[in-house]
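As stored in entry.cif (mmCIF, C-alpha atoms):
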data_final
#
loop_
_atom_site.label_atom_id
_atom_site.label_comp_id
_atom_site.auth_asym_id
_atom_site.auth_seq_id
_atom_site.Cartn_x
_atom_site.Cartn_y
_atom_site.Cartn_z
CA MET A 11 105.71 165.30 -32.85
CA PRO A 12 106.06 165.52 -29.05
CA LEU A 13 102.94 166.15 -27.02
CA VAL A 14 102.34 169.41 -25.25
CA ARG A 15 100.53 168.60 -22.02
CA GLY A 16 98.05 170.83 -20.28
CA GLU A 17 95.49 171.22 -23.07
CA GLN A 18 92.00 171.70 -21.64
CA ILE A 19 90.01 168.48 -22.07
CA ALA A 20 86.42 169.04 -23.18
CA THR A 21 83.58 167.58 -21.15
CA TRP A 22 83.11 164.56 -23.40
CA GLY A 23 83.57 161.62 -21.09
CA ASP A 24 81.83 160.30 -18.01
CA PRO A 25 79.95 161.76 -16.32
CA ASN A 26 79.55 164.97 -18.32
CA LYS A 27 79.24 164.01 -21.95
CA ALA A 28 77.85 166.69 -24.20
CA ASN A 29 74.56 164.85 -24.52
CA GLY A 30 74.15 164.02 -20.85
CA TYR A 31 74.36 160.63 -19.16
CA PHE A 32 74.67 157.55 -21.36
CA GLY A 33 73.81 153.99 -20.45
CA THR A 34 72.28 152.85 -17.20
CA GLU A 35 73.18 153.35 -13.55
CA GLU A 36 75.02 150.36 -12.07
CA LYS A 37 73.27 148.82 -9.06
CA SER A 38 75.68 145.97 -8.36
CA ARG A 39 79.24 145.06 -9.31
CA ASP A 40 78.22 141.39 -9.63
CA ALA A 41 77.39 139.99 -13.05
CA ILE A 42 74.69 137.47 -13.89
CA ALA A 43 75.20 134.78 -16.49
CA GLY A 44 73.76 135.98 -19.75
CA ASP A 45 72.13 133.80 -22.34
CA PHE A 46 71.62 134.56 -25.98
CA GLN A 47 68.17 136.02 -25.36
CA ASP A 48 69.58 138.87 -23.30
CA ILE A 49 71.52 140.28 -26.25
CA PRO A 50 69.72 139.64 -29.56
CA ILE A 51 71.33 137.70 -32.40
CA VAL A 52 70.66 139.35 -35.76
CA ASP A 53 71.47 137.80 -39.12
CA ILE A 54 72.54 140.94 -40.98
CA SER A 55 73.24 139.24 -44.33
CA GLY A 56 70.10 140.92 -45.69
CA ILE A 57 71.80 144.34 -45.58
CA PHE A 58 73.70 143.32 -48.73
CA SER A 59 70.53 142.34 -50.61
CA PRO A 60 69.24 144.38 -53.58
CA ASP A 61 65.74 143.61 -52.31
CA LEU A 62 64.40 146.31 -49.96
CA LYS A 63 62.21 143.86 -48.05
CA HIS A 64 65.31 141.89 -47.03
CA ARG A 65 67.11 145.04 -45.90
CA GLN A 66 64.00 146.19 -44.04
CA ALA A 67 63.69 142.86 -42.24
CA VAL A 68 67.18 143.38 -40.80
CA ALA A 69 66.45 147.02 -40.01
CA ASP A 70 63.42 146.07 -37.94
CA GLN A 71 65.52 143.73 -35.77
CA VAL A 72 68.34 146.25 -35.49
CA ARG A 73 65.92 148.96 -34.36
CA ASP A 74 64.54 146.73 -31.60
CA ALA A 75 68.05 145.82 -30.40
CA CYS A 76 69.31 149.42 -30.44
CA ILE A 77 66.33 150.71 -28.47
CA ARG A 78 66.08 147.91 -25.90
CA VAL A 79 69.71 146.91 -25.38
CA GLY A 80 72.13 148.98 -27.43
CA PHE A 81 73.94 145.73 -28.30
CA PHE A 82 73.41 142.81 -30.65
CA TYR A 83 75.34 139.87 -32.06
CA ALA A 84 75.73 140.18 -35.84
CA LYS A 85 76.10 137.07 -37.96
CA GLY A 86 76.20 136.99 -41.74
CA HIS A 87 78.46 140.05 -41.74
CA GLY A 88 80.61 139.01 -44.68
CA VAL A 89 84.04 139.40 -43.07
CA PRO A 90 85.89 136.15 -43.87
CA SER A 91 86.71 133.99 -40.86
CA GLU A 92 90.22 133.51 -42.26
CA MET A 93 90.80 137.26 -42.15
CA MET A 94 89.55 137.46 -38.57
CA ASP A 95 91.67 134.47 -37.49
CA LYS A 96 94.76 135.99 -39.08
CA THR A 97 94.11 139.28 -37.26
CA PHE A 98 94.08 137.42 -33.93
CA GLY A 99 97.28 135.65 -34.94
CA TRP A 100 99.06 138.92 -35.66
CA ALA A 101 97.78 140.31 -32.36
CA LYS A 102 99.28 137.39 -30.47
CA ARG A 103 102.63 137.90 -32.21
CA PHE A 104 102.59 141.60 -31.35
CA PHE A 105 101.93 141.03 -27.65
CA GLU A 106 104.77 138.49 -27.57
CA LEU A 107 107.27 141.27 -28.36
CA SER A 108 109.39 142.51 -25.48
CA PHE A 109 108.14 145.41 -23.38
CA ASP A 110 110.88 147.70 -24.72
CA GLU A 111 109.99 146.81 -28.31
CA LYS A 112 106.33 147.56 -27.75
CA MET A 113 107.13 150.79 -25.89
CA GLU A 114 108.91 152.09 -28.99
CA LEU A 115 105.32 152.74 -30.09
CA PHE A 116 104.11 154.21 -26.77
CA ILE A 117 100.70 155.71 -27.48
CA ASN A 118 101.22 158.68 -25.14
CA ASN A 119 103.97 159.93 -27.46
CA GLN A 120 101.61 160.23 -30.44
CA ASP A 121 99.44 163.32 -30.93
CA ASN A 122 96.75 161.16 -32.54
CA TYR A 123 96.96 158.42 -29.88
CA ARG A 124 97.99 155.56 -32.14
CA GLY A 125 100.32 152.82 -30.98
CA TYR A 126 100.89 150.75 -27.85
CA THR A 127 99.14 151.09 -24.49
CA PRO A 128 100.98 149.14 -21.76
CA MET A 129 99.28 147.20 -19.00
CA TYR A 130 97.71 149.65 -16.50
CA GLY A 131 98.36 152.54 -18.92
CA SER A 132 94.71 153.49 -19.45
CA GLY A 133 91.50 153.97 -17.48
CA LYS A 134 90.86 155.01 -13.90
CA PRO A 135 93.35 153.88 -11.23
CA ASP A 136 91.84 151.54 -8.66
CA VAL A 137 92.52 151.45 -4.92
CA ASP A 138 95.89 149.86 -5.72
CA GLY A 139 96.82 152.82 -7.91
CA LEU A 140 96.73 150.69 -11.07
CA ALA A 141 94.36 151.27 -13.98
CA ASN A 142 92.92 148.87 -16.59
CA ALA A 143 94.44 145.39 -16.65
CA ASN A 144 94.98 145.21 -20.38
CA GLU A 145 97.53 146.12 -23.02
CA ALA A 146 96.58 147.22 -26.51
CA PHE A 147 97.67 148.41 -29.92
CA ASP A 148 95.64 151.11 -31.73
CA TRP A 149 95.61 152.05 -35.40
CA GLY A 150 93.16 154.00 -37.55
CA LEU A 151 92.45 156.43 -40.34
CA ASP A 152 95.51 158.15 -41.74
CA ALA A 153 96.72 159.18 -45.20
CA LYS A 154 97.58 155.58 -46.13
CA LEU A 155 94.21 154.20 -45.03
CA ASN A 156 92.11 157.06 -46.40
CA ASP A 157 89.87 156.04 -49.33
CA ASP A 158 88.44 159.50 -50.06
CA PRO A 159 90.60 161.35 -52.65
CA ALA A 160 88.96 164.65 -51.67
CA TYR A 161 90.07 164.40 -48.03
CA ASP A 162 93.46 165.77 -46.95
CA CYS A 163 93.64 164.09 -43.48
CA CYS A 164 94.29 167.40 -41.76
CA ASP A 165 91.76 167.37 -38.94
CA PRO A 166 93.17 169.68 -36.23
CA TYR A 167 92.63 167.07 -33.51
CA MET A 168 93.59 163.91 -35.37
CA LYS A 169 96.49 164.79 -37.63
CA GLY A 170 99.20 162.18 -37.82
CA SER A 171 100.07 158.72 -39.11
CA ASN A 172 99.86 155.25 -37.68
CA VAL A 173 102.96 153.75 -36.12
CA TRP A 174 103.88 150.12 -36.74
CA PRO A 175 106.31 147.61 -35.19
CA LYS A 176 109.38 147.20 -37.36
CA GLN A 177 109.90 143.73 -35.88
CA LEU A 178 106.76 142.32 -37.58
CA PRO A 179 106.83 142.57 -41.38
CA GLY A 180 103.33 141.88 -42.68
CA PHE A 181 101.61 143.20 -39.55
CA GLU A 182 100.76 146.59 -41.06
CA GLU A 183 99.65 145.05 -44.35
CA HIS A 184 97.18 142.66 -42.79
CA LEU A 185 95.77 145.04 -40.17
CA SER A 186 95.29 147.64 -42.90
CA GLN A 187 93.35 145.13 -45.01
CA TYR A 188 91.22 144.22 -42.02
CA PHE A 189 90.56 147.90 -41.30
CA SER A 190 89.35 148.50 -44.87
CA LYS A 191 87.10 145.43 -44.85
CA VAL A 192 85.32 146.34 -41.61
CA ARG A 193 85.04 150.00 -42.64
CA ASP A 194 83.19 148.81 -45.75
CA LEU A 195 80.86 146.78 -43.51
CA GLY A 196 80.29 149.84 -41.33
CA ARG A 197 79.17 151.96 -44.25
CA VAL A 198 76.64 149.34 -45.36
CA MET A 199 75.46 148.90 -41.77
CA ALA A 200 75.00 152.66 -41.43
CA ARG A 201 72.60 152.61 -44.39
CA ASN A 202 70.60 149.90 -42.62
CA ILE A 203 70.62 151.97 -39.42
CA ALA A 204 69.10 154.85 -41.41
CA LEU A 205 66.44 152.49 -42.76
CA SER A 206 65.73 151.31 -39.21
CA LEU A 207 64.96 154.93 -38.28
CA GLY A 208 62.50 155.39 -41.15
CA LEU A 209 64.97 157.61 -43.00
CA ASP A 210 66.37 157.48 -46.49
CA GLU A 211 69.10 154.85 -46.56
CA GLY A 212 71.66 157.46 -47.58
CA SER A 213 70.92 159.79 -44.66
CA PHE A 214 74.26 159.10 -42.94
CA ASP A 215 76.34 159.02 -46.13
CA PRO A 216 77.51 162.66 -45.81
CA TYR A 217 78.94 161.81 -42.37
CA LEU A 218 80.87 158.82 -43.70
CA THR A 219 82.80 159.90 -46.79
CA HIS A 220 86.07 159.46 -44.86
CA PRO A 221 85.00 157.97 -41.51
CA GLY A 222 87.43 158.54 -38.67
CA CYS A 223 87.54 154.88 -37.71
CA SER A 224 90.01 153.29 -35.33
CA ALA A 225 90.75 149.71 -34.40
CA VAL A 226 92.43 147.97 -31.50
CA VAL A 227 93.96 144.60 -30.71
CA ALA A 228 93.74 144.13 -26.94
CA HIS A 229 95.22 141.56 -24.56
CA TYR A 230 93.66 140.78 -21.17
CA PRO A 231 95.61 138.46 -18.86
CA PRO A 232 93.55 136.22 -16.55
CA MET A 233 92.74 137.74 -13.18
CA GLU A 234 92.32 135.87 -9.90
CA PRO A 235 88.64 134.98 -9.30
CA THR A 236 88.70 136.97 -6.06
CA SER A 237 90.23 140.04 -7.71
CA THR A 238 88.10 143.15 -8.20
CA LYS A 239 90.52 144.45 -10.84
CA LEU A 240 88.84 145.34 -14.13
CA GLY A 241 90.27 144.57 -17.51
CA LEU A 242 88.37 147.59 -18.83
CA ASP A 243 86.44 150.18 -16.81
CA PRO A 244 82.69 150.60 -17.30
CA HIS A 245 82.37 152.97 -20.25
CA THR A 246 80.48 153.82 -23.40
CA ASP A 247 82.10 154.04 -26.84
CA ASN A 248 82.09 157.52 -28.32
CA GLU A 249 81.85 156.45 -31.98
CA PHE A 250 78.90 155.64 -34.28
CA LEU A 251 79.03 151.82 -34.00
CA THR A 252 81.48 149.30 -32.57
CA PHE A 253 82.16 145.94 -34.24
CA LEU A 254 83.85 143.73 -31.65
CA ALA A 255 85.51 140.47 -32.61
CA PRO A 256 85.50 139.08 -29.05
CA GLY A 257 87.76 136.08 -29.46
CA LYS A 258 86.93 132.87 -27.60
CA VAL A 259 87.08 133.95 -23.95
CA ARG A 260 84.04 135.20 -22.02
CA ALA A 261 84.85 138.53 -20.37
CA LEU A 262 82.57 141.24 -21.81
CA GLU A 263 79.67 142.40 -19.62
CA VAL A 264 76.85 144.77 -20.58
CA LEU A 265 74.80 146.89 -18.19
CA ASN A 266 71.07 146.47 -18.72
CA ARG A 267 68.30 148.94 -17.94
CA ASP A 268 67.79 147.38 -14.51
CA GLY A 269 71.38 148.16 -13.56
CA GLN A 270 72.47 144.51 -13.81
CA TRP A 271 75.67 143.41 -15.51
CA ILE A 272 74.88 140.79 -18.17
CA SER A 273 77.66 138.49 -19.35
CA ALA A 274 78.02 138.56 -23.13
CA PRO A 275 79.74 135.29 -24.13
CA PRO A 276 81.38 135.04 -27.54
CA ILE A 277 79.36 133.38 -30.31
CA GLU A 278 81.58 131.92 -32.99
CA GLY A 279 81.44 133.76 -36.32
CA THR A 280 79.67 136.84 -34.98
CA TYR A 281 80.56 140.39 -34.14
CA VAL A 282 79.25 142.01 -30.99
CA VAL A 283 77.85 145.29 -32.31
CA ASN A 284 76.96 148.21 -30.07
CA VAL A 285 75.61 151.72 -30.39
CA GLY A 286 78.15 154.48 -29.73
CA ASP A 287 77.68 157.97 -28.32
CA GLN A 288 77.65 159.54 -31.79
CA LEU A 289 74.69 157.41 -32.87
CA GLN A 290 72.82 158.01 -29.62
CA ARG A 291 73.10 161.75 -30.09
CA LEU A 292 72.33 161.63 -33.83
CA THR A 293 69.14 159.66 -33.02
CA ASN A 294 68.13 162.10 -30.28
CA ASN A 295 68.59 159.42 -27.59
CA LEU A 296 66.38 156.84 -29.29
CA TYR A 297 69.24 154.39 -29.71
CA ILE A 298 71.20 153.78 -26.52
CA SER A 299 74.97 153.87 -26.07
CA THR A 300 75.12 151.29 -23.28
CA LYS A 301 77.78 150.94 -20.60
CA HIS A 302 79.95 147.85 -20.74
CA ARG A 303 83.11 146.52 -19.09
CA VAL A 304 85.61 143.66 -19.27
CA ILE A 305 86.48 141.31 -16.39
CA ASN A 306 88.59 138.26 -17.21
CA HIS A 307 88.10 135.65 -14.49
CA THR A 308 88.29 132.70 -16.89
CA GLY A 309 91.86 131.68 -16.14
CA GLU A 310 92.69 132.11 -19.84
CA GLU A 311 94.44 134.80 -21.85
CA ARG A 312 91.96 136.92 -23.80
CA ILE A 313 92.59 138.77 -27.05
CA SER A 314 89.83 140.86 -28.61
CA VAL A 315 89.65 143.13 -31.65
CA PRO A 316 87.22 146.07 -31.42
CA PHE A 317 86.67 148.24 -34.49
CA PHE A 318 85.23 151.70 -33.82
CA PHE A 319 83.25 152.98 -36.81
CA SER A 320 83.07 156.78 -36.61
CA ALA A 321 81.67 159.73 -38.49
CA ASN A 322 84.04 161.98 -40.42
CA TRP A 323 86.23 163.72 -37.87
CA GLU A 324 85.08 167.21 -38.85
CA SER A 325 81.37 166.31 -38.50
CA THR A 326 79.47 168.05 -35.72
CA ILE A 327 77.47 165.43 -33.85
CA ASP A 328 73.98 166.81 -33.27
CA PRO A 329 70.53 165.16 -33.51
CA LEU A 330 69.21 164.76 -37.04
CA LYS A 331 66.45 167.30 -37.60
CA HIS A 332 64.06 164.55 -38.74
CA LEU A 333 64.36 162.97 -35.29
CA VAL A 334 63.93 166.02 -33.07
CA GLY A 335 60.18 166.03 -33.66
CA ASN A 336 58.20 168.77 -31.94
CA GLU A 337 60.88 169.53 -29.37
CA ALA A 338 62.35 173.00 -29.24
CA GLU A 339 65.31 173.35 -31.58
CA LYS A 340 68.30 171.76 -29.87
CA GLU A 341 71.35 173.93 -29.42
CA SER A 342 74.44 172.56 -31.16
CA ASN A 343 77.16 171.31 -28.84
CA ASN A 344 79.75 172.31 -31.48
CA VAL A 345 81.71 169.15 -30.76
CA SER A 346 83.20 167.36 -33.75
CA ALA A 347 83.81 163.63 -34.00
CA GLY A 348 87.56 164.26 -34.07
CA GLN A 349 87.41 166.40 -30.94
CA MET A 350 85.31 163.78 -29.15
CA TYR A 351 87.83 161.08 -29.98
CA LYS A 352 90.94 163.10 -29.13
CA HIS A 353 89.65 164.28 -25.76
CA THR A 354 88.37 160.84 -24.84
CA MET A 355 91.77 159.32 -25.62
CA MET A 356 93.60 162.03 -23.67
CA ALA A 357 91.50 161.31 -20.59
CA LEU A 358 91.75 157.53 -21.05
CA HIS A 359 95.54 157.54 -21.22
CA MET A 360 96.33 159.87 -18.33
CA PRO A 361 97.73 156.96 -16.26
CA GLY A 362 100.36 156.52 -18.94
CA ASP A 363 101.68 160.01 -18.17
CA SER A 364 101.89 159.53 -14.41
CA ASN A 365 102.96 155.89 -13.90
CA PRO A 366 106.67 156.00 -12.94
CA ILE A 367 107.37 152.78 -14.87
CA PHE A 368 106.53 154.59 -18.10
CA GLN A 369 108.33 157.86 -17.41
CA LYS A 370 111.54 157.00 -19.23
CA TYR A 371 109.59 156.23 -22.39
CA LEU A 372 107.72 159.56 -22.52
CA LYS A 373 108.81 162.16 -25.05
CA VAL A 374 107.09 165.27 -23.73
CA ALA A 375 107.95 168.79 -24.93
#

Go ahead and render the structure in this file as structure tokens.
Amino acid sequence: MPLVRGEQIATWGDPNKANGYFGTEEKSRDAIAGDFQDIPIVDISGIFSPDLKHRQAVADQVRDACIRVGFFYAKGHGVPSEMMDKTFGWAKRFFELSFDEKMELFINNQDNYRGYTPMYGSGKPDVDGLANANEAFDWGLDAKLNDDPAYDCCDPYMKGSNVWPKQLPGFEEHLSQYFSKVRDLGRVMARNIALSLGLDEGSFDPYLTHPGCSAVVAHYPPMEPTSTKLGLDPHTDNEFLTFLAPGKVRALEVLNRDGQWISAPPIEGTYVVNVGDQLQRLTNNLYISTKHRVINHTGEERISVPFFFSANWESTIDPLKHLVGNEAEKESNNVSAGQMYKHTMMALHMPGDSNPIFQKYLKVA
């Protein structure tokens, strides 16, 4: 269905998110070399244990990481390395397609913002007029990936199906399997998050019966060491949690509370997990949705695979009453998870509407 431009975009996105300012103010564009003590490493294998003391031991570490940093490395997550490796392999094959083949799936032509984002097609244009130096392919919850028989996939903001490259048989099948596996991990992790907050482990279950998750394979070409061009603008993720398979190339940087950018190098076999805006708001700002960015000065091609674990699209994201304490009753922002996602994606992909290189590929009503 062609897009109808001109819809008013809600104030969910820097700097006016519905819950105020997220992350930390940047004091310098320069990054410092991070070590593994800056971002905690948490063995999360205990979240699968039938023994509460094992689950609680993980929850205690997760709580500390989410309050202090908003990020942690997760090992023992249960996603097979073979599945992750195959996902990276399919990503590489996708990005090797011709530009015209990839633009058959141009994300700006999809109401639900699924498909291909070309290089410089997202983010905030820099002084050179070009936006983020990455290309990407997005897919997510639709009728085929829904595992809740009671859900009809008719959210007013996120209706629509995924689009897939016809040139790559097997691509949809594998990425769909990967999606389901990490969604399962997200649901178990959400129960541990609840435990970390001193809540019943099922406290988030009603938000996650058909989570509006999305996933991305992203390609970042190497940038010149002297270039100030960003692979991905400083931002926070608007979902509940992000599970990033970072690949093998160091490029992710996280903004700490002192306003310093900390390099977050990949650690083999781990996910980089971070708090999203939904979880920060649900926890009444206890857990921090931290700003992060991507700069690829390594001289190598980088592929990464972020998975954005979200609440049900129709869920209104307000602080849990148990966590408001003695504060005056907070007014609802009446913003649903689906609305947050749609408006964030509309703002993110504005360069794709205006870049003259992409004009002939747009199908706008």

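The spacing separating atom CA of A:Asn295 from atom CA of A:Val334 amounts to 9.8 Å.
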
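Between A:Arg197 and the residues A:Ala321, A:Ile77, A:Leu358, A:Leu151, the shortest atom-to-atom distance, using all atoms listed in the file, involves A:Ala321.
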
Quiz prompt | Hits of the PyMOL selection byres ((chain A and resi 350) around 9) in this structure, as a ChimeraX atom specification | solution = /A:20,22-23,248-249,323,345-349,351-355

Against stretch 162-175 of chain A, which residues of stretch 43-137 of chain A fall within 10 Å? For each one I want the closest pair of atoms and the distance in Å (one decimal), counting only C-alpha atoms, rows by chain and increasing residue number, as JSON lines.
{"residue": "A:Phe104", "atom": "CA", "partner": "A:Pro175", "partner_atom": "CA", "distance": 8.0}
{"residue": "A:Leu107", "atom": "CA", "partner": "A:Pro175", "partner_atom": "CA", "distance": 9.4}
{"residue": "A:Glu111", "atom": "CA", "partner": "A:Pro175", "partner_atom": "CA", "distance": 7.8}
{"residue": "A:Lys112", "atom": "CA", "partner": "A:Pro175", "partner_atom": "CA", "distance": 7.4}
{"residue": "A:Met113", "atom": "CA", "partner": "A:Pro175", "partner_atom": "CA", "distance": 9.9}
{"residue": "A:Glu114", "atom": "CA", "partner": "A:Pro175", "partner_atom": "CA", "distance": 8.1}
{"residue": "A:Leu115", "atom": "CA", "partner": "A:Val173", "partner_atom": "CA", "distance": 6.6}
{"residue": "A:Phe116", "atom": "CA", "partner": "A:Val173", "partner_atom": "CA", "distance": 9.4}
{"residue": "A:Ile117", "atom": "CA", "partner": "A:Val173", "partner_atom": "CA", "distance": 9.1}
{"residue": "A:Gln120", "atom": "CA", "partner": "A:Gly170", "partner_atom": "CA", "distance": 8.0}
{"residue": "A:Asp121", "atom": "CA", "partner": "A:Gly170", "partner_atom": "CA", "distance": 7.0}
{"residue": "A:Asn122", "atom": "CA", "partner": "A:Met168", "partner_atom": "CA", "distance": 5.1}
{"residue": "A:Tyr123", "atom": "CA", "partner": "A:Met168", "partner_atom": "CA", "distance": 8.5}
{"residue": "A:Arg124", "atom": "CA", "partner": "A:Asn172", "partner_atom": "CA", "distance": 5.9}
{"residue": "A:Gly125", "atom": "CA", "partner": "A:Val173", "partner_atom": "CA", "distance": 5.9}
{"residue": "A:Tyr126", "atom": "CA", "partner": "A:Val173", "partner_atom": "CA", "distance": 9.0}

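When all atoms listed in the file are used to measure the gap to A:Asn266, the shortest distance among A:His332, A:Lys176, A:Lys301, A:Lys102 belongs to A:Lys301.
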